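Student: Quick one: this structure, given as structure tokens, is what I'll be asking you about.
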Amino acid sequence: MTKTAPSGGRGDLIDQVMVVVRRDLATEVSYQYSFAMRYVSIFFSIAIFYFVSLLVGESTQLGEYSGRYFEFALVGLVMSGMTSVSLQTFNQAVGTEMGSGTLEILLATASRYLPIFLGSLVVPILLRFVEAVLYIGLGVGVLGAGFSGRGILLSLPLVLLAIAAFSALGMLASSFVILTKRGDPITGLVAQATNLLAGVLFPISLLPEGLQVVSKLIPTYYALRGVREVLLNGSGFDEVVDEVAVLAGFTVVLVPIALWAFSRAIRLAKQTGTLGTS
Amino acid sequence: MDESLSGRAQRQHRSSAEGPEPAPLLVVDRVTKSYALPPWWLRAFVRTAVKEPIEALRDVSFSVAAGEVVGLVGPNGAGKTTLMRVIANLLEPDGGRALIDGVDVRAGGWDVRSRLGLVLESDRGFYRRLSGRRNLEFFAIQAGMDRATAATRVDQLLSQFGLADRDKLLFGYSSGMRVRLSVARALVADPSVLVLDEPTRGLDPVASFEVGEMLRRLAKEGRAVLFSDHRLDELVSVCDRVVVLVGGQVIFEGRPGDLEEGSGVTAAAALRQMMVE
């Protein structure tokens with residue numbers, strides 16, 4: 001037999017991430033109808049908030065952002081989409097891998113967690129980026145929203161840090177999926193709490209003071225504040241350093257906790273014999 | 001792996017002829033496993049079929065050498081799948097250990113995992129929206145190959161298993177093609193130990209016979225092959241040795257010929273009798 005298999009090396013991380021990306025892209029495109037419809041629906045979503053903004057007019061509650069509700073809501077929609085996909089990607093991927101039986105094959109034979117985790121994030125987030133471009137493009141080009149051009153570039157580190165923090169939360173949630181098989185107590189709670197408390201569609205100044213304290217425990221609050229500052233007010237990076245630092249702090253704390261919880265969940269599933277069930 | 005399997009097979013053949021038996025590639029050493037209730041704090045979240053602890057394996061020991069095919073038989077619920085999951089480190093035993101190339105599967109990490117090829121349920125463990133080729137490439141690259149090596153390896157495997165000209169999305173594969181693809185996937189990293197749980201389930205007699213031939217061929221290349229099957233006639237025709245598991249315990253281990261000697265019945269009939277009793 002000619003030997004072509006590896007001789008103990010773990011391979012190239014980029015190759016391993018990219019093969020996951022190609023897998024997810026091929027799967028996504030194979031569902032053509034759903035792939036197309038997700039972009040068509042954006043127009044309806046954005047139009048709703050445009051007309052709500054006409055109703056709201058120039059709100060004094062949004063004085064910080066010159067009272068512009070449409071732009072405020074547009075940023076909220078885009079960021080909420082980014083954070084929710086980061087939160088849900090891991091546990092959806094783990095659920096799918098468990099259901100198809102590939103999780104057991106990957107755990108039992110030569111493979112690593114890291115490229116599979118990283119790779120499974122790429123396609124869903126890229127698709128959200130395309131959505132974000134459509135949201136902003138339609139908002140600016142068709143419905144007259146105004147954003148700072150420089151702000152779009154400056155918002156990238158904030159968006160990426162928010163994705164990292166929420167991906168860690170998503171990995172934490174996937175630990176529950178390993179054990180409970182379906183559903184988890186984290187993603188639903190965090191997604192709802194984020195929409196209500198983080199200032200996605202209305203400023204947190206409308207919330208009772210006690211809840212405003214809770215808002216400041218949610219990473220999205222800082223991401224939204226920073227992104228709105230650079231996009232709506234044209235601020236520079238110096239003015240959002242605090243938000244960047246807080247988001248980096250969330251990520252640094254959450255990633256090791258999530259990795260530990262995931263390993264622990266796999267170990268518990270191996271002990272209870274529930275790894276192969278779905 | 002730093003040694004080709006064909007080289008290992010030749011060495012095994014030489015040492016068998018010259019002297020002592022070589023060290024087995026797969027060792028199951030006094031493995032015990034009970035399915036217990038999850039810890040109290042987890043019971044609210046985890047649903048298991050277990051209402052009280054169930055002893056699934058008790059002190060199970062046997063080994064498989066390079067070039068050998070060992071068949072694992074037993075009635076439903078005998079513990080065959082549990083044992084295979086322990087070997088694959090998908091289930092932690094309460095006691096005992098499984099060793100691949102002398103290394104405990106729980107401690108071995110990447111090196112041990114790259115020496116194990118696993119087929120659990122032959123129609124699962126694939127990405128159904130990808131072609132057979134794309135599936136194999138995925139597992140080959142995850143196993144540490146670069147893209148070019150993976151492509152060569154996948155070509156080789158598809159050709160070896162008669163799937164090279166049928167590269168379509170997986171949901172278009174027949175049951176027999178999926179079994180062959182499962183074995184091809186298990187061989188991607190050129191493992192020295194192959195473990196297959198009921199690879200012939202759902203196959204017609206011709207496809208089932210071909211799987212048996214394939215297992216013999218893979219063992220000849222120097223691999224240790226362990227597989228379970230309910231088709232006793234075919235199992236005894238393929239295996240060098242048989243391990244009979246009943247109620248989580250090994251009640252017989254030996255050559256199919258041993259079963260026939262003095263019993264006056266075929267090996268398959270003797271096995272059937274053993275499981276009924």
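Residues are referred to by chain and number: the chain letter is A, B, ... according to the order shown in the structure tokens, the number counts from 1 in that chain, and ligands are numbered separately from 1 in the order shown.
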May I ask you to extract the residues of chain A within 8 Å of chain B, using only C-alpha atoms, and to give them as a ChimeraX atom specification?

Tutor: /A:1,3-12,15-16,19-20,23,26-27,30,100-105,107-112,179-180,269-275

Student: Select from stretch 5-240 of chain A everything DSSP, run on the backbone, classes as alpha helix (DSSP H), then give the selection as an NGL selection string.

Tutor: :A and (13-30 or 32-56 or 69-100 or 102-108 or 113-141 or 149-180 or 187-197 or 209-215 or 219-232)

Student: Figure out the distance between atom CA of B:Val193 and atom CA of B:Leu99, please, to one decimal in Å.

Tutor: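 Between atom CA of B:Leu99 and atom CA of B:Val193 the gap is 10.5 Å.
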
Student: Per DSSP on the backbone, filter stretch 9-196 of chain B down to the residues in strand (DSSP E) and report them as number ranges by chain.

Tutor: B: 26-35, 54-64, 69-73, 95-100, 103-104, 116-119, 193-196

Student: Enter the distance from atom CA of A:Gly199 to atom CA of A:Ser235, in Å, rounded to one decimal.

Tutor: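 Between atom CA of A:Gly199 and atom CA of A:Ser235 the gap works out to 19.1 Å.
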
Student: Near stretch 63-65 of chain A, within 10 Å and counting only C-alpha atoms, which residues show up once chain neighbours fewer than 3 positions away are dropped, as a compact mmCIF listing (two decimals) with C-alpha atoms, in the first residue's frame?

Tutor:
```txt
# COMPACT_ATOMS: atom_id res chain seq x y z
CA GLU A 58 -36.60 63.86 15.75
CA SER A 59 -36.58 62.36 19.22
CA THR A 60 -35.19 64.32 22.15
CA ARG A 68 -31.98 60.57 14.03
CA TYR A 69 -34.01 57.42 14.81
CA GLU A 71 -29.85 55.67 11.55
CA PHE A 72 -30.00 54.72 15.25
CA PRO A 203 -31.83 54.27 23.98
CA ARG A 228 -23.01 54.71 16.85
CA GLU A 229 -20.40 57.14 18.09
CA LEU A 231 -20.91 56.14 12.46
CA LEU A 232 -23.50 58.68 13.55
CA ASN A 233 -21.35 61.33 15.22
```

Student: Just to confirm, what's the straight-line distance from atom CA of A:Gly249 to atom CA of A:Val21 in Å (one decimal)?

Tutor: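 Spanning atom CA of A:Gly249 to atom CA of A:Val21 is a straight-line distance of 28.0 Å.
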
Student: Which residues come within 12 Å of B:Arg30, counting only C-alpha atoms, excluding same-chain residues fewer than 6 positions away, as an MDAnalysis selection string?

Tutor: chainID B and resid 57:63 83 86 93:99 248:250

Student: Please write the residues from the selection above to a file, keeping N, CA and C atoms, as a PDB file, in the first residue's frame.

Tutor:
```
ATOM      1  N   LEU B  57     -20.922  -3.476  30.673  1.00  0.00           N
ATOM      2  CA  LEU B  57     -19.740  -4.303  30.405  1.00  0.00           C
ATOM      3  C   LEU B  57     -19.120  -4.722  31.731  1.00  0.00           C
ATOM      4  N   ARG B  58     -18.720  -5.980  31.812  1.00  0.00           N
ATOM      5  CA  ARG B  58     -18.097  -6.447  33.052  1.00  0.00           C
ATOM      6  C   ARG B  58     -16.793  -7.173  32.725  1.00  0.00           C
ATOM      7  N   ASP B  59     -15.695  -6.542  33.091  1.00  0.00           N
ATOM      8  CA  ASP B  59     -14.387  -7.189  33.017  1.00  0.00           C
ATOM      9  C   ASP B  59     -14.095  -7.770  31.621  1.00  0.00           C
ATOM     10  N   VAL B  60     -14.333  -6.984  30.606  1.00  0.00           N
ATOM     11  CA  VAL B  60     -14.144  -7.476  29.236  1.00  0.00           C
ATOM     12  C   VAL B  60     -12.678  -7.326  28.817  1.00  0.00           C
ATOM     13  N   SER B  61     -12.085  -8.412  28.367  1.00  0.00           N
ATOM     14  CA  SER B  61     -10.683  -8.389  27.909  1.00  0.00           C
ATOM     15  C   SER B  61     -10.534  -9.223  26.637  1.00  0.00           C
ATOM     16  N   PHE B  62      -9.814  -8.697  25.686  1.00  0.00           N
ATOM     17  CA  PHE B  62      -9.359  -9.456  24.504  1.00  0.00           C
ATOM     18  C   PHE B  62      -8.408  -8.544  23.735  1.00  0.00           C
ATOM     19  N   SER B  63      -7.807  -9.061  22.693  1.00  0.00           N
ATOM     20  CA  SER B  63      -6.896  -8.225  21.916  1.00  0.00           C
ATOM     21  C   SER B  63      -7.025  -8.580  20.432  1.00  0.00           C
ATOM     22  N   LEU B  83     -18.897  -1.188  23.980  1.00  0.00           N
ATOM     23  CA  LEU B  83     -17.475  -1.528  23.952  1.00  0.00           C
ATOM     24  C   LEU B  83     -16.755  -0.750  22.841  1.00  0.00           C
ATOM     25  N   VAL B  86     -16.171   2.716  23.901  1.00  0.00           N
ATOM     26  CA  VAL B  86     -15.059   2.809  24.860  1.00  0.00           C
ATOM     27  C   VAL B  86     -13.736   2.798  24.095  1.00  0.00           C
ATOM     28  N   PRO B  93     -14.820   4.343  30.417  1.00  0.00           N
ATOM     29  CA  PRO B  93     -15.123   3.150  31.210  1.00  0.00           C
ATOM     30  C   PRO B  93     -15.018   3.471  32.705  1.00  0.00           C
ATOM     31  N   ASP B  94     -15.719   2.687  33.514  1.00  0.00           N
ATOM     32  CA  ASP B  94     -15.586   2.853  34.974  1.00  0.00           C
ATOM     33  C   ASP B  94     -14.298   2.201  35.451  1.00  0.00           C
ATOM     34  N   GLY B  95     -13.901   1.144  34.752  1.00  0.00           N
ATOM     35  CA  GLY B  95     -12.667   0.452  35.114  1.00  0.00           C
ATOM     36  C   GLY B  95     -12.047  -0.155  33.878  1.00  0.00           C
ATOM     37  N   GLY B  96     -10.760  -0.494  33.962  1.00  0.00           N
ATOM     38  CA  GLY B  96     -10.077  -1.084  32.821  1.00  0.00           C
ATOM     39  C   GLY B  96      -9.692  -0.041  31.797  1.00  0.00           C
ATOM     40  N   ARG B  97      -9.190  -0.490  30.646  1.00  0.00           N
ATOM     41  CA  ARG B  97      -8.715   0.460  29.646  1.00  0.00           C
ATOM     42  C   ARG B  97      -8.676  -0.188  28.266  1.00  0.00           C
ATOM     43  N   ALA B  98      -8.663   0.671  27.261  1.00  0.00           N
ATOM     44  CA  ALA B  98      -8.456   0.205  25.885  1.00  0.00           C
ATOM     45  C   ALA B  98      -7.150   0.818  25.409  1.00  0.00           C
ATOM     46  N   LEU B  99      -6.303  -0.005  24.792  1.00  0.00           N
ATOM     47  CA  LEU B  99      -4.997   0.474  24.323  1.00  0.00           C
ATOM     48  C   LEU B  99      -4.901   0.318  22.817  1.00  0.00           C
ATOM     49  N   GLY B 248     -22.922  -8.271  28.715  1.00  0.00           N
ATOM     50  CA  GLY B 248     -21.762  -7.456  29.070  1.00  0.00           C
ATOM     51  C   GLY B 248     -20.519  -8.248  29.419  1.00  0.00           C
ATOM     52  N   GLN B 249     -20.573  -9.569  29.267  1.00  0.00           N
ATOM     53  CA  GLN B 249     -19.411 -10.390  29.604  1.00  0.00           C
ATOM     54  C   GLN B 249     -18.974 -11.214  28.399  1.00  0.00           C
ATOM     55  N   VAL B 250     -17.673 -11.468  28.308  1.00  0.00           N
ATOM     56  CA  VAL B 250     -17.170 -12.338  27.243  1.00  0.00           C
ATOM     57  C   VAL B 250     -17.434 -13.777  27.670  1.00  0.00           C
TER      58      VAL B 250
END
```

Student: Find the residues near A:Ser167: any atom within 7 Å, counting only C-alpha atoms, skip ones fewer than 3 places away on the same chain, and give them as a PyMOL selection string.

Tutor: chain A and resi 86-87+163-164+170-171

Student: Okay, now the selection with N, CA and C atoms, as a tab-separated table (two decimals), in the first residue's frame?

Tutor:
```tsv
chain	number	residue	atom	x	y	z
A	86	SER	N	-23.28	35.35	16.07
A	86	SER	CA	-22.11	34.88	16.81
A	86	SER	C	-22.53	33.99	17.98
A	87	LEU	N	-23.63	34.40	18.61
A	87	LEU	CA	-24.13	33.65	19.77
A	87	LEU	C	-24.67	32.28	19.38
A	163	ILE	N	-18.19	40.33	18.05
A	163	ILE	CA	-18.34	38.97	17.51
A	163	ILE	C	-17.55	37.99	18.38
A	164	ALA	N	-16.32	38.36	18.76
A	164	ALA	CA	-15.49	37.46	19.57
A	164	ALA	C	-16.14	37.20	20.93
A	170	GLY	N	-21.46	31.94	22.83
A	170	GLY	CA	-22.05	30.87	22.02
A	170	GLY	C	-21.41	29.53	22.31
A	171	MET	N	-20.09	29.55	22.50
A	171	MET	CA	-19.40	28.30	22.82
A	171	MET	C	-19.84	27.78	24.19
```

Student: Give me, as a list of chain:residue names, all polymer residues having an atom no more than 8 Å from A:Phe70, counting only C-alpha atoms and skipping those fewer than 5 positions away in the same chain.

Tutor: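 So, after excluding close chain neighbours, the residues are A:Phe49, A:Tyr50, A:Val52, A:Ser53, A:Ala145.
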
Student: List the spatial neighbours of B:Arg201 as a PyMOL selection string - criterion: any atom at most 12 Å away, only C-alpha atoms, same-chain residues fewer than 3 positions off excluded.

Tutor: chain B and resi 119-123+175-176+178-179+196-198+204-205+207-209+211+227-231

Student: Deliver the residues from the most recent selection as a file, using C-alpha atoms, as a PDB file, in the first residue's frame.

Tutor:
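Below is the file selection07.pdb, written as the result:
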```pdb
ATOM      1  CA  VAL B 119     -17.344   3.250  11.486  1.00  0.00           C
ATOM      2  CA  LEU B 120     -20.240   3.616  13.908  1.00  0.00           C
ATOM      3  CA  GLU B 121     -23.485   3.705  11.982  1.00  0.00           C
ATOM      4  CA  SER B 122     -22.607   3.472   8.341  1.00  0.00           C
ATOM      5  CA  ASP B 123     -25.226   5.912   7.060  1.00  0.00           C
ATOM      6  CA  SER B 175     -26.766   1.953   1.352  1.00  0.00           C
ATOM      7  CA  GLY B 176     -23.897  -0.114  -0.049  1.00  0.00           C
ATOM      8  CA  ARG B 178     -22.465   4.650   2.031  1.00  0.00           C
ATOM      9  CA  VAL B 179     -20.893   1.681   3.788  1.00  0.00           C
ATOM     10  CA  LEU B 196     -16.683  -1.106  12.696  1.00  0.00           C
ATOM     11  CA  ASP B 197     -20.079  -1.389  14.366  1.00  0.00           C
ATOM     12  CA  GLU B 198     -22.402  -3.497  12.215  1.00  0.00           C
ATOM     13  CA  ASP B 204     -28.200  -6.989   0.524  1.00  0.00           C
ATOM     14  CA  PRO B 205     -26.292 -10.323   0.556  1.00  0.00           C
ATOM     15  CA  ALA B 207     -22.987  -6.016  -0.799  1.00  0.00           C
ATOM     16  CA  SER B 208     -22.625  -7.710   2.586  1.00  0.00           C
ATOM     17  CA  PHE B 209     -20.274 -10.322   1.114  1.00  0.00           C
ATOM     18  CA  VAL B 211     -17.825  -5.811   2.879  1.00  0.00           C
ATOM     19  CA  PHE B 227     -16.203  -5.537  13.737  1.00  0.00           C
ATOM     20  CA  SER B 228     -19.621  -6.521  15.022  1.00  0.00           C
ATOM     21  CA  ASP B 229     -22.306  -8.229  12.979  1.00  0.00           C
ATOM     22  CA  HIS B 230     -25.572 -10.095  13.421  1.00  0.00           C
ATOM     23  CA  ARG B 231     -25.087 -12.232  10.289  1.00  0.00           C
TER      24      ARG B 231
END
```
